[in-house]
$ cat data30.tsv   # TSV, C-alpha atoms (C1' of nucleotides) and all ligand atoms
chain	number	residue	atom	x	y	z
A	92	MET	CA	-1.03	161.65	-23.63
A	93	SER	CA	2.50	161.36	-24.89
A	94	ASP	CA	3.41	158.66	-22.39
A	95	LEU	CA	1.37	156.14	-24.34
A	96	LEU	CA	4.57	154.68	-25.77
A	97	GLU	CA	6.03	154.67	-22.29
A	98	ARG	CA	3.13	152.71	-20.89
A	99	LEU	CA	3.23	150.27	-23.75
A	100	ARG	CA	6.93	149.63	-23.23
A	101	GLU	CA	6.32	148.99	-19.56
A	102	ARG	CA	3.70	146.45	-20.47
A	103	GLY	CA	6.30	144.58	-22.50
A	104	TRP	CA	4.86	145.61	-25.82
A	105	ARG	CA	7.32	144.81	-28.57
A	106	LEU	CA	8.14	148.16	-30.06
A	107	THR	CA	8.43	148.25	-33.83
A	108	ALA	CA	8.67	151.21	-36.19
A	109	GLN	CA	5.11	150.53	-37.36
A	110	ARG	CA	3.61	150.39	-33.90
A	111	ARG	CA	5.49	153.53	-32.98
A	112	VAL	CA	4.05	155.60	-35.81
A	113	VAL	CA	0.53	154.33	-35.17
A	114	ALA	CA	0.84	155.33	-31.53
A	115	GLU	CA	2.23	158.70	-32.56
A	116	VAL	CA	-0.66	159.33	-34.93
A	117	LEU	CA	-3.09	158.61	-32.13
A	118	ASN	CA	-1.33	161.01	-29.82
A	119	GLY	CA	-3.65	163.76	-28.60
A	120	ASP	CA	-6.98	163.27	-26.96
A	121	HIS	CA	-9.33	164.90	-29.38
A	122	VAL	CA	-8.99	162.84	-32.54
A	123	HIS	CA	-11.46	160.24	-33.73
A	124	LEU	CA	-9.82	158.77	-36.80
A	125	THR	CA	-10.90	155.83	-38.93
A	126	ALA	CA	-8.46	152.99	-39.53
A	127	ASP	CA	-7.82	154.27	-43.03
A	128	GLU	CA	-7.14	157.77	-41.76
A	129	VAL	CA	-4.70	156.35	-39.26
A	130	HIS	CA	-3.09	154.39	-42.06
A	131	ALA	CA	-2.78	157.45	-44.27
A	132	ARG	CA	-1.15	159.51	-41.53
A	133	ALA	CA	1.11	156.67	-40.49
A	134	ALA	CA	2.16	156.20	-44.12
A	135	ASP	CA	3.30	159.84	-44.24
A	136	ARG	CA	6.00	158.92	-41.78
A	137	LEU	CA	6.54	155.30	-42.77
A	138	PRO	CA	5.38	154.82	-46.36
A	139	GLU	CA	5.66	151.04	-46.46
A	140	ILE	CA	3.34	150.37	-43.51
A	141	SER	CA	0.52	148.04	-44.48
A	142	ARG	CA	-3.18	148.30	-43.83
A	143	ALA	CA	-3.17	144.93	-42.09
A	144	THR	CA	-0.60	146.14	-39.59
A	145	VAL	CA	-2.63	149.23	-38.81
A	146	TYR	CA	-5.69	147.08	-38.19
A	147	ASN	CA	-3.68	144.67	-36.06
A	148	THR	CA	-2.15	147.44	-34.01
A	149	LEU	CA	-5.42	149.25	-33.47
A	150	GLY	CA	-6.99	145.98	-32.37
A	151	GLU	CA	-4.22	145.42	-29.84
A	152	LEU	CA	-4.45	148.93	-28.47
A	153	VAL	CA	-8.16	148.41	-27.98
A	154	SER	CA	-7.55	145.12	-26.17
A	155	LEU	CA	-5.00	146.84	-23.96
A	156	GLY	CA	-7.57	149.49	-23.11
A	157	GLU	CA	-5.35	152.25	-24.45
A	158	ILE	CA	-7.81	153.38	-27.10
A	159	ILE	CA	-11.54	153.01	-27.58
A	160	GLU	CA	-13.49	151.93	-30.62
A	161	VAL	CA	-16.44	154.17	-31.49
A	162	SER	CA	-18.94	153.72	-34.30
A	163	THR	CA	-21.12	156.78	-34.48
A	164	ASP	CA	-22.28	156.55	-38.05
A	165	GLY	CA	-22.65	152.88	-38.90
A	166	ARG	CA	-19.78	153.24	-41.31
A	167	ALA	CA	-16.10	152.91	-40.46
A	168	LYS	CA	-15.20	152.54	-36.82
A	169	ARG	CA	-13.24	155.35	-35.27
A	170	TYR	CA	-10.42	155.07	-32.77
A	171	ASP	CA	-10.39	157.31	-29.75
A	172	PRO	CA	-7.19	157.76	-27.73
A	173	ASN	CA	-9.07	159.43	-24.92
A	174	ALA	CA	-9.48	156.20	-22.98
A	175	HIS	CA	-8.46	157.75	-19.66
A	176	ARG	CA	-11.35	159.99	-18.92
A	177	PRO	CA	-14.76	158.44	-19.48
A	178	HIS	CA	-16.83	160.53	-21.83
A	179	HIS	CA	-19.53	160.45	-24.46
A	180	HIS	CA	-19.92	161.93	-27.92
A	181	LEU	CA	-21.77	164.68	-29.65
A	182	VAL	CA	-22.06	164.14	-33.40
A	183	CYS	CA	-23.13	166.52	-36.14
A	184	SER	CA	-25.77	164.85	-38.31
A	185	ARG	CA	-24.68	166.88	-41.32
A	186	CYS	CA	-20.88	166.85	-41.40
A	187	GLY	CA	-20.08	164.06	-38.96
A	188	THR	CA	-17.91	166.15	-36.65
A	189	ILE	CA	-17.42	164.46	-33.29
A	190	ARG	CA	-16.84	166.21	-29.96
A	191	ASP	CA	-16.13	164.72	-26.59
A	192	VAL	CA	-18.72	165.59	-23.95
A	193	HIS	CA	-18.84	164.95	-20.24
A	194	PRO	CA	-22.49	164.91	-19.17
A	195	GLY	CA	-23.42	165.03	-15.53
A	196	GLY	CA	-25.12	162.10	-13.88
A	197	ASN	CA	-24.72	158.42	-14.63
A	198	PRO	CA	-27.16	156.95	-17.15
A	199	LEU	CA	-26.74	153.57	-15.47
A	200	ASP	CA	-28.75	154.95	-12.59
A	201	ASP	CA	-31.61	155.59	-14.99
A	202	LEU	CA	-31.96	151.91	-15.81
A	203	PRO	CA	-34.02	150.28	-13.07
A	204	ALA	CA	-33.54	146.61	-12.21
A	205	GLY	CA	-36.88	145.81	-13.81
A	206	GLU	CA	-35.52	147.00	-17.12
A	207	ARG	CA	-32.31	144.98	-16.98
A	208	PHE	CA	-33.70	141.56	-17.92
A	209	GLY	CA	-31.17	139.82	-15.72
A	210	PHE	CA	-28.22	141.35	-17.57
A	211	THR	CA	-25.10	142.32	-15.69
A	212	VAL	CA	-24.83	145.82	-17.11
A	213	SER	CA	-21.29	147.09	-17.11
A	214	ASP	CA	-21.15	149.97	-19.50
A	215	VAL	CA	-23.20	152.59	-21.25
A	216	GLU	CA	-22.49	154.50	-24.40
A	217	VAL	CA	-24.30	157.75	-25.15
A	218	THR	CA	-24.36	159.51	-28.49
A	219	TYR	CA	-25.91	162.94	-28.74
A	220	ARG	CA	-26.90	164.03	-32.22
A	221	GLY	CA	-27.52	167.48	-33.54
A	222	VAL	CA	-26.26	170.15	-35.89
A	223	CYS	CA	-22.95	171.90	-35.30
A	224	PRO	CA	-22.67	175.71	-35.46
A	225	GLU	CA	-20.79	175.63	-38.77
A	226	CYS	CA	-23.45	173.51	-40.48
A	227	ALA	CA	-26.23	175.58	-38.93
A	228	ALA	CA	-24.68	178.76	-40.39
A	229	ALA	CA	-24.23	177.34	-43.88
B	162	MET	CA	-48.11	146.73	-35.06
B	163	SER	CA	-50.01	145.04	-37.81
B	164	ASP	CA	-51.41	148.28	-39.16
B	165	LEU	CA	-48.04	149.13	-40.67
B	166	LEU	CA	-49.32	148.12	-44.09
B	167	GLU	CA	-52.48	150.10	-43.40
B	168	ARG	CA	-50.54	153.23	-42.59
B	169	LEU	CA	-48.34	152.81	-45.63
B	170	ARG	CA	-51.32	152.47	-47.91
B	171	GLU	CA	-52.80	155.61	-46.44
B	172	ARG	CA	-49.62	157.44	-47.19
B	173	GLY	CA	-49.98	156.47	-50.83
B	174	TRP	CA	-47.20	153.94	-50.74
B	175	ARG	CA	-47.31	151.81	-53.85
B	176	LEU	CA	-47.94	148.34	-52.57
B	177	THR	CA	-46.01	145.57	-54.28
B	178	ALA	CA	-45.58	141.92	-53.31
B	179	GLN	CA	-41.97	142.63	-52.32
B	180	ARG	CA	-42.81	145.57	-50.09
B	181	ARG	CA	-45.58	143.60	-48.52
B	182	VAL	CA	-43.35	140.70	-47.45
B	183	VAL	CA	-40.68	143.05	-46.12
B	184	ALA	CA	-43.30	144.83	-44.04
B	185	GLU	CA	-44.63	141.49	-42.84
B	186	VAL	CA	-41.18	140.31	-41.80
B	187	LEU	CA	-40.75	143.47	-39.78
B	188	ASN	CA	-44.06	142.96	-38.08
B	189	GLY	CA	-43.71	142.72	-34.31
B	190	ASP	CA	-41.96	145.18	-32.11
B	191	HIS	CA	-39.17	143.14	-30.67
B	192	VAL	CA	-37.05	142.20	-33.63
B	193	HIS	CA	-33.77	143.83	-34.60
B	194	LEU	CA	-32.88	142.16	-37.88
B	195	THR	CA	-30.07	142.93	-40.27
B	196	ALA	CA	-30.87	143.64	-43.90
B	197	ASP	CA	-29.66	140.17	-44.84
B	198	GLU	CA	-31.82	138.56	-42.20
B	199	VAL	CA	-34.80	140.48	-43.51
B	200	HIS	CA	-33.90	139.35	-47.00
B	201	ALA	CA	-33.66	135.69	-45.93
B	202	ARG	CA	-37.04	135.76	-44.22
B	203	ALA	CA	-38.65	137.65	-47.05
B	204	ALA	CA	-37.24	135.12	-49.51
B	205	ASP	CA	-38.95	132.33	-47.61
B	206	ARG	CA	-42.23	133.82	-48.71
B	207	LEU	CA	-41.18	135.33	-52.02
B	208	PRO	CA	-38.08	133.50	-53.27
B	209	GLU	CA	-37.23	135.83	-56.12
B	210	ILE	CA	-37.00	139.00	-54.05
B	211	SER	CA	-33.68	140.73	-54.58
B	212	ARG	CA	-31.25	142.14	-52.06
B	213	ALA	CA	-31.44	145.53	-53.74
B	214	THR	CA	-35.18	145.70	-53.21
B	215	VAL	CA	-34.83	144.83	-49.54
B	216	TYR	CA	-32.25	147.58	-49.11
B	217	ASN	CA	-34.42	150.03	-51.03
B	218	THR	CA	-37.52	149.18	-49.03
B	219	LEU	CA	-35.76	149.36	-45.68
B	220	GLY	CA	-34.35	152.74	-46.66
B	221	GLU	CA	-37.79	154.02	-47.53
B	222	LEU	CA	-39.33	152.75	-44.33
B	223	VAL	CA	-36.58	154.54	-42.42
B	224	SER	CA	-37.28	157.78	-44.32
B	225	LEU	CA	-40.96	157.41	-43.58
B	226	GLY	CA	-40.15	157.05	-39.90
B	227	GLU	CA	-41.81	153.63	-39.74
B	228	ILE	CA	-38.67	151.80	-38.69
B	229	ILE	CA	-35.40	152.84	-37.07
B	230	GLU	CA	-31.85	152.03	-38.04
B	231	VAL	CA	-29.66	150.89	-35.16
B	232	SER	CA	-26.00	149.95	-35.26
B	233	THR	CA	-25.02	148.46	-31.95
B	234	ASP	CA	-21.99	146.49	-33.01
B	235	GLY	CA	-20.28	148.45	-35.74
B	236	ARG	CA	-21.15	145.67	-38.14
B	237	ALA	CA	-24.40	145.35	-40.07
B	238	LYS	CA	-27.11	147.86	-39.29
B	239	ARG	CA	-30.27	146.48	-37.75
B	240	TYR	CA	-33.81	147.57	-38.47
B	241	ASP	CA	-36.17	148.18	-35.59
B	242	PRO	CA	-39.92	148.33	-36.19
B	243	ASN	CA	-40.51	149.79	-32.75
B	244	ALA	CA	-40.47	153.36	-34.00
B	245	HIS	CA	-43.53	154.37	-32.05
B	246	ARG	CA	-42.33	154.27	-28.51
B	247	PRO	CA	-38.94	155.90	-27.95
B	248	HIS	CA	-36.54	153.52	-26.30
B	249	HIS	CA	-32.93	152.53	-25.96
B	250	HIS	CA	-31.03	149.26	-26.18
B	251	LEU	CA	-29.37	146.77	-23.92
B	252	VAL	CA	-26.86	144.60	-25.75
B	253	CYS	CA	-25.09	141.43	-24.65
B	254	SER	CA	-21.36	141.76	-25.26
B	255	ARG	CA	-21.02	138.02	-25.75
B	256	CYS	CA	-23.90	136.90	-27.97
B	257	GLY	CA	-25.17	140.20	-29.33
B	258	THR	CA	-28.74	139.81	-28.09
B	259	ILE	CA	-30.57	143.12	-28.09
B	260	ARG	CA	-33.40	144.12	-25.76
B	261	ASP	CA	-35.48	147.25	-25.76
B	262	VAL	CA	-35.22	149.27	-22.56
B	263	HIS	CA	-37.06	152.34	-21.34
B	264	PRO	CA	-34.85	154.12	-18.84
B	265	GLY	CA	-36.22	156.87	-16.66
B	266	GLY	CA	-35.01	160.43	-17.04
B	267	ASN	CA	-33.91	162.24	-20.14
B	268	PRO	CA	-30.19	162.13	-20.89
B	269	LEU	CA	-30.53	165.41	-22.77
B	270	ASP	CA	-31.00	167.07	-19.39
B	271	ASP	CA	-27.59	165.78	-18.34
B	272	LEU	CA	-25.81	167.71	-21.08
B	273	PRO	CA	-25.31	171.27	-19.85
B	274	ALA	CA	-25.14	174.14	-22.33
B	275	GLY	CA	-21.41	174.48	-21.64
B	276	GLU	CA	-20.93	171.00	-23.04
B	277	ARG	CA	-22.92	171.55	-26.21
B	278	PHE	CA	-20.33	173.50	-28.21
B	279	GLY	CA	-23.03	175.51	-29.94
B	280	PHE	CA	-24.70	172.40	-31.34
B	281	THR	CA	-28.46	172.20	-31.65
B	282	VAL	CA	-28.88	168.85	-29.97
B	283	SER	CA	-31.97	167.03	-31.10
B	284	ASP	CA	-31.55	163.42	-30.24
B	285	VAL	CA	-29.73	161.02	-27.99
B	286	GLU	CA	-29.03	157.36	-28.39
B	287	VAL	CA	-28.10	155.20	-25.43
B	288	THR	CA	-26.62	151.72	-25.59
B	289	TYR	CA	-26.22	149.73	-22.41
B	290	ARG	CA	-23.75	146.86	-22.57
B	291	GLY	CA	-23.44	143.84	-20.38
B	292	VAL	CA	-23.80	140.10	-20.22
B	293	CYS	CA	-27.17	138.42	-20.62
B	294	PRO	CA	-28.34	135.72	-18.18
B	295	GLU	CA	-27.86	132.92	-20.73
B	296	CYS	CA	-24.25	133.89	-21.45
B	297	ALA	CA	-23.55	134.40	-17.74
B	298	ALA	CA	-24.80	130.88	-17.01
B	299	ALA	CA	-22.73	129.24	-19.73
C	9	DT	C1'	26.37	138.51	-33.17
C	10	DC	C1'	22.97	135.08	-33.51
C	11	DC	C1'	18.43	133.13	-32.78
C	12	DT	C1'	13.78	132.85	-32.69
C	13	DA	C1'	9.32	134.04	-31.35
C	14	DC	C1'	6.69	137.58	-32.59
C	15	DA	C1'	5.42	141.12	-36.00
C	16	DA	C1'	4.76	143.01	-40.83
C	17	DT	C1'	3.48	142.37	-45.49
C	18	DG	C1'	0.44	142.23	-49.53
C	19	DG	C1'	-2.90	140.11	-51.70
C	20	DA	C1'	-6.92	137.22	-51.65
C	21	DC	C1'	-11.17	136.99	-49.56
C	22	DT	C1'	-15.55	138.34	-46.92
C	23	DT	C1'	-19.17	141.28	-45.43
C	24	DT	C1'	-22.04	144.99	-45.98
C	25	DG	C1'	-23.87	148.11	-48.81
C	26	DT	C1'	-24.59	151.10	-53.28
C	27	DC	C1'	-25.56	151.85	-58.12
C	28	DC	C1'	-27.39	151.23	-62.68
C	29	DA	C1'	-29.54	149.86	-67.13
C	30	DA	C1'	-33.05	147.05	-68.43
C	31	DG	C1'	-37.26	144.73	-67.61
C	32	DT	C1'	-41.79	144.50	-65.01
C	33	DC	C1'	-45.94	145.90	-62.96
C	34	DA	C1'	-49.65	148.62	-59.87
C	35	DA	C1'	-52.66	151.95	-60.30
C	36	DT	C1'	-55.12	154.98	-62.96
C	37	DA	C1'	-57.73	156.45	-67.01
C	38	DT	C1'	-60.31	155.21	-70.88
D	217	DA	C1'	-61.21	145.00	-69.78
D	218	DT	C1'	-57.18	147.13	-71.77
D	219	DA	C1'	-53.73	150.44	-72.45
D	220	DT	C1'	-50.52	153.49	-70.45
D	221	DT	C1'	-46.87	155.01	-67.74
D	222	DG	C1'	-44.08	156.27	-64.00
D	223	DA	C1'	-42.62	153.86	-60.27
D	224	DC	C1'	-40.68	149.51	-58.75
D	225	DT	C1'	-37.65	145.34	-59.14
D	226	DT	C1'	-33.80	142.78	-60.71
D	227	DG	C1'	-29.09	140.92	-61.11
D	228	DG	C1'	-24.75	141.98	-61.41
D	229	DA	C1'	-21.02	145.08	-61.16
D	230	DC	C1'	-18.87	147.95	-58.01
D	231	DA	C1'	-17.14	149.97	-53.55
D	232	DA	C1'	-15.90	150.43	-48.70
D	233	DA	C1'	-14.46	148.32	-44.52
D	234	DG	C1'	-12.37	144.69	-42.54
D	235	DT	C1'	-10.26	139.77	-42.02
D	236	DC	C1'	-7.07	136.05	-43.00
D	237	DC	C1'	-2.93	133.77	-44.14
D	238	DA	C1'	1.55	132.16	-46.04
D	239	DT	C1'	5.69	134.30	-46.40
D	240	DT	C1'	9.26	137.41	-45.04
D	241	DG	C1'	11.42	140.46	-41.69
D	242	DT	C1'	13.11	141.91	-37.21
D	243	DA	C1'	13.29	143.32	-31.88
D	244	DG	C1'	15.28	142.06	-28.16
D	245	DG	C1'	17.28	138.62	-25.33
D	246	DA	C1'	21.13	134.96	-24.91
E	1	MN	MN	-13.91	160.72	-27.72
E	2	MN	MN	-35.48	148.42	-30.33
E	3	ZN	ZN	-21.62	169.93	-38.93
E	4	ZN	ZN	-25.59	136.79	-24.31
$ encode --input "data30.tsv" --output "C-alpha cells" --more "lines below"
Ligand SMILES: [Mn+2]
Ligand SMILES: [Mn+2]
Ligand SMILES: [Zn+2]
Ligand SMILES: [Zn+2]
Amino acid sequence: MSDLLERLRERGWRLTAQRRVVAEVLNGDHVHLTADEVHARAADRLPEISRATVYNTLGELVSLGEIIEVSTDGRAKRYDPNAHRPHHHLVCSRCGTIRDVHPGGNPLDDLPAGERFGFTVSDVEVTYRGVCPECAAA
Amino acid sequence: MSDLLERLRERGWRLTAQRRVVAEVLNGDHVHLTADEVHARAADRLPEISRATVYNTLGELVSLGEIIEVSTDGRAKRYDPNAHRPHHHLVCSRCGTIRDVHPGGNPLDDLPAGERFGFTVSDVEVTYRGVCPECAAA
DNA sequence: TCCTACAATGGACTTTGTCCAAGTCAATAT
DNA sequence: ATATTGACTTGGACAAAGTCCATTGTAGGA
C-alpha cells in the first residue's frame, strides 16, 4: 500500500530521509525481505544509510503494526508489509521462496480448551512447507 | 523415550561418551532446549564436551529423525525430542514457555489447491501464541 | 531562523552457528 | 590383548544476524 507513508505521518511519525526510503523499499505486499536486503535496497537510494537505522526503523514499523516479522527458516528474520490482510506462508524447502496463502478456516478453532493449558491464546502462525514448481522441475 | 540410545545403537550409530550424554540430556518428551542449554547440561556430566560436538550431534539426530528442530522466537533454535507423535506448539509471548499441543483437524485440508501455487506441500507447522497463566497472574 | 528532542551513525560487542586441521578413540580384526 | 583405522572430538578462528551506545545531525515547531 502506498499510503504507508501517509499513515505514518498521521501518526506523528517523524519523517526522515532514512525512514522514507525504508518505507519505500517495503512498498508492495508481496515482498519478504531480510533486514540486510532492506538495507541494500535502501542504500541504492540513500548510500549513507546505516544498518543500525534500518534495524531501528524496522523495529518501529513492527511495533506500529505496519509490518510483520516472519522467521520461516531459523535464519534472518524477514519483514512483511502485508500486515493488513491476515495470511500465512508457504515456503519452498529447497530455494526458500515464500508465498502468501489464505487458508480457509481458523486454526484457533482446532485448539480445544483442554489443550490450551490456561493460556490466553491470541494468535496463530501457520507455515506450510513443500517444494515449489521451479525446484520440482529442476 | 529412554530407548533413544537403543534405537541409535541399532542403527549402527557409533556410541561415544559425548553422544551418550547429549542423548541423555534430550531424554524426556517435554523439553525444548537450545543448543547452548544442551551443551550446559551435557557439560555437567562430561565437562570437556565441546560446543562443536553438541552442534554436530544435534544435527545428526535431526537428520536421523530422532529429534526435531523448532524455531519459535527467531532466536536460537530449540531441539525437541518428541519426534514420535506429531504435534504443534503453544508459546508464551512474555516468558517464552513452550508447550506441546495436539490440535484437532489437519491444517493441510484448509489449504485449497488454488492457494498452493503448484507447490507439493508436505508439511505444516503451527505456532499458537498467547500469554501463559503465570505471566497473566504477574 | 533557532532550538531541541528525537533520529542517524559507525563501530564495538553479543549471540548463534559453522568450519577446519589436528588429535583421539570405538569398534573391528588379528 | 593389541593393532589398526576411519569416524569422532576438540578448540579456536570465522561468519552471520542483531544489539548497544556515545557522538553527531536534523525535522519540525516556536
Ligand atoms: Mn506474507
Ligand atoms: Mn514439542
Ligand atoms: Zn523452490
Ligand atoms: Zn509466560
$ closest_atom_pairs --input "data30.tsv" --of "chain A" --to "ligand ZN 4 (chain E)" --cutoff "12 Å" --atoms "all atoms listed in the file" --output "Markdown table"
| residue | atom | partner | partner_atom | distance |
| --- | --- | --- | --- | --- |
| A:Phe208 | CA | E:ZN4 | ZN | 11.4 |
| A:Gly209 | CA | E:ZN4 | ZN | 10.7 |
| A:Phe210 | CA | E:ZN4 | ZN | 8.6 |
| A:Thr211 | CA | E:ZN4 | ZN | 10.3 |
| A:Val212 | CA | E:ZN4 | ZN | 11.6 |
$ interface_residues --input "data30.tsv" --of "chain A" --to "chain B" --cutoff "6 Å" --atoms "all atoms listed in the file" --output "list in words"
Ser162, Gly165, Val192, Pro194, Gly195, Asp201, Leu202, Glu206, Gly209, Phe210, Thr211, Val212, Ser213, Asp214, Val215, Glu216, Val217, Thr218, Tyr219, Arg220, Gly221, Val222, Cys223 and Pro224 of chain A
$ atom_distance --input "data30.tsv" --atom1 "C1' of DA20 (chain C)" --atom2 "CA of Arg169 (chain A)"
25.2 Å
$ atom_distance --input "data30.tsv" --atom1 "CA of Ala213 (chain B)" --atom2 "C1' of DT26 (chain C)"
8.8 Å
$ residues_around --input "data30.tsv" --residues "Arg111 (chain A)" --least-positions-apart "4" --cutoff "12 Å" --atoms "all atoms listed in the file" --output "PyMOL selection string"
chain A and resi 93-97+99-100+104-107+115-118+133-134+136-137+140+144-145+148-149+152
$ interface_residues --input "data30.tsv" --of "chain D" --to "chain B" --cutoff "12 Å" --atoms "only C-alpha atoms (C1' of nucleotides)" --output "PDB file with C-alpha atoms (C1' of nucleotides), keeping the file's coordinate frame"
ATOM      1  C1'  DG D 222     -44.080 156.270 -64.000  1.00  0.00           C
ATOM      2  C1'  DA D 223     -42.620 153.860 -60.270  1.00  0.00           C
ATOM      3  C1'  DC D 224     -40.680 149.510 -58.750  1.00  0.00           C
ATOM      4  C1'  DT D 225     -37.650 145.340 -59.140  1.00  0.00           C
ATOM      5  C1'  DT D 226     -33.800 142.780 -60.710  1.00  0.00           C
ATOM      6  C1'  DG D 227     -29.090 140.920 -61.110  1.00  0.00           C
ATOM      7  C1'  DG D 228     -24.750 141.980 -61.410  1.00  0.00           C
ATOM      8  C1'  DA D 233     -14.460 148.320 -44.520  1.00  0.00           C
ATOM      9  C1'  DG D 234     -12.370 144.690 -42.540  1.00  0.00           C
TER      10       DG D 234
END
$ interface_residues --input "data30.tsv" --of "chain C" --to "chain A" --cutoff "12 Å" --atoms "only C-alpha atoms (C1' of nucleotides)" --output "mmCIF file with C-alpha atoms (C1' of nucleotides), in the frame of the given file"
data_model
loop_
_atom_site.group_PDB
_atom_site.id
_atom_site.type_symbol
_atom_site.label_atom_id
_atom_site.label_comp_id
_atom_site.auth_asym_id
_atom_site.auth_seq_id
_atom_site.Cartn_x
_atom_site.Cartn_y
_atom_site.Cartn_z
ATOM 1 C "C1'" DA C 13 9.320 134.040 -31.350
ATOM 2 C "C1'" DC C 14 6.690 137.580 -32.590
ATOM 3 C "C1'" DA C 15 5.420 141.120 -36.000
ATOM 4 C "C1'" DA C 16 4.760 143.010 -40.830
ATOM 5 C "C1'" DT C 17 3.480 142.370 -45.490
ATOM 6 C "C1'" DG C 18 0.440 142.230 -49.530
ATOM 7 C "C1'" DG C 19 -2.900 140.110 -51.700
ATOM 8 C "C1'" DT C 24 -22.040 144.990 -45.980
ATOM 9 C "C1'" DG C 25 -23.870 148.110 -48.810
#
$ atom_distance --input "data30.tsv" --atom1 "CA of Arg185 (chain A)" --atom2 "CA of Ser224 (chain B)"
15.8 Å
$ residues_around --input "data30.tsv" --residues "Asn243 (chain B)" --least-positions-apart "4" --cutoff "8 Å" --atoms "all atoms listed in the file" --output "number ranges by chain"
B: 189-191, 228-229, 247
$ axis_aligned_box --input "data30.tsv" --around "region 191-195 of chain B" --padding-each-side "4 Å" --output "JSON"
{"center_x": -34.6, "center_y": 143.0, "center_z": -35.5, "size_x": 17.1, "size_y": 9.7, "size_z": 17.6}
$ residues_around --input "data30.tsv" --residues "DT220 (chain D)" --least-positions-apart "3" --cutoff "10 Å" --atoms "only C-alpha atoms (C1' of nucleotides)" --output "JSON, numbers by chain"
{"C": [36, 37, 38]}
$ residues_around --input "data30.tsv" --residues "DA229 (chain D)" --least-positions-apart "2" --cutoff "10 Å" --atoms "only C-alpha atoms (C1' of nucleotides)" --output "list in words"
DC27 and DC28 of chain C; DG227 and DA231 of chain D
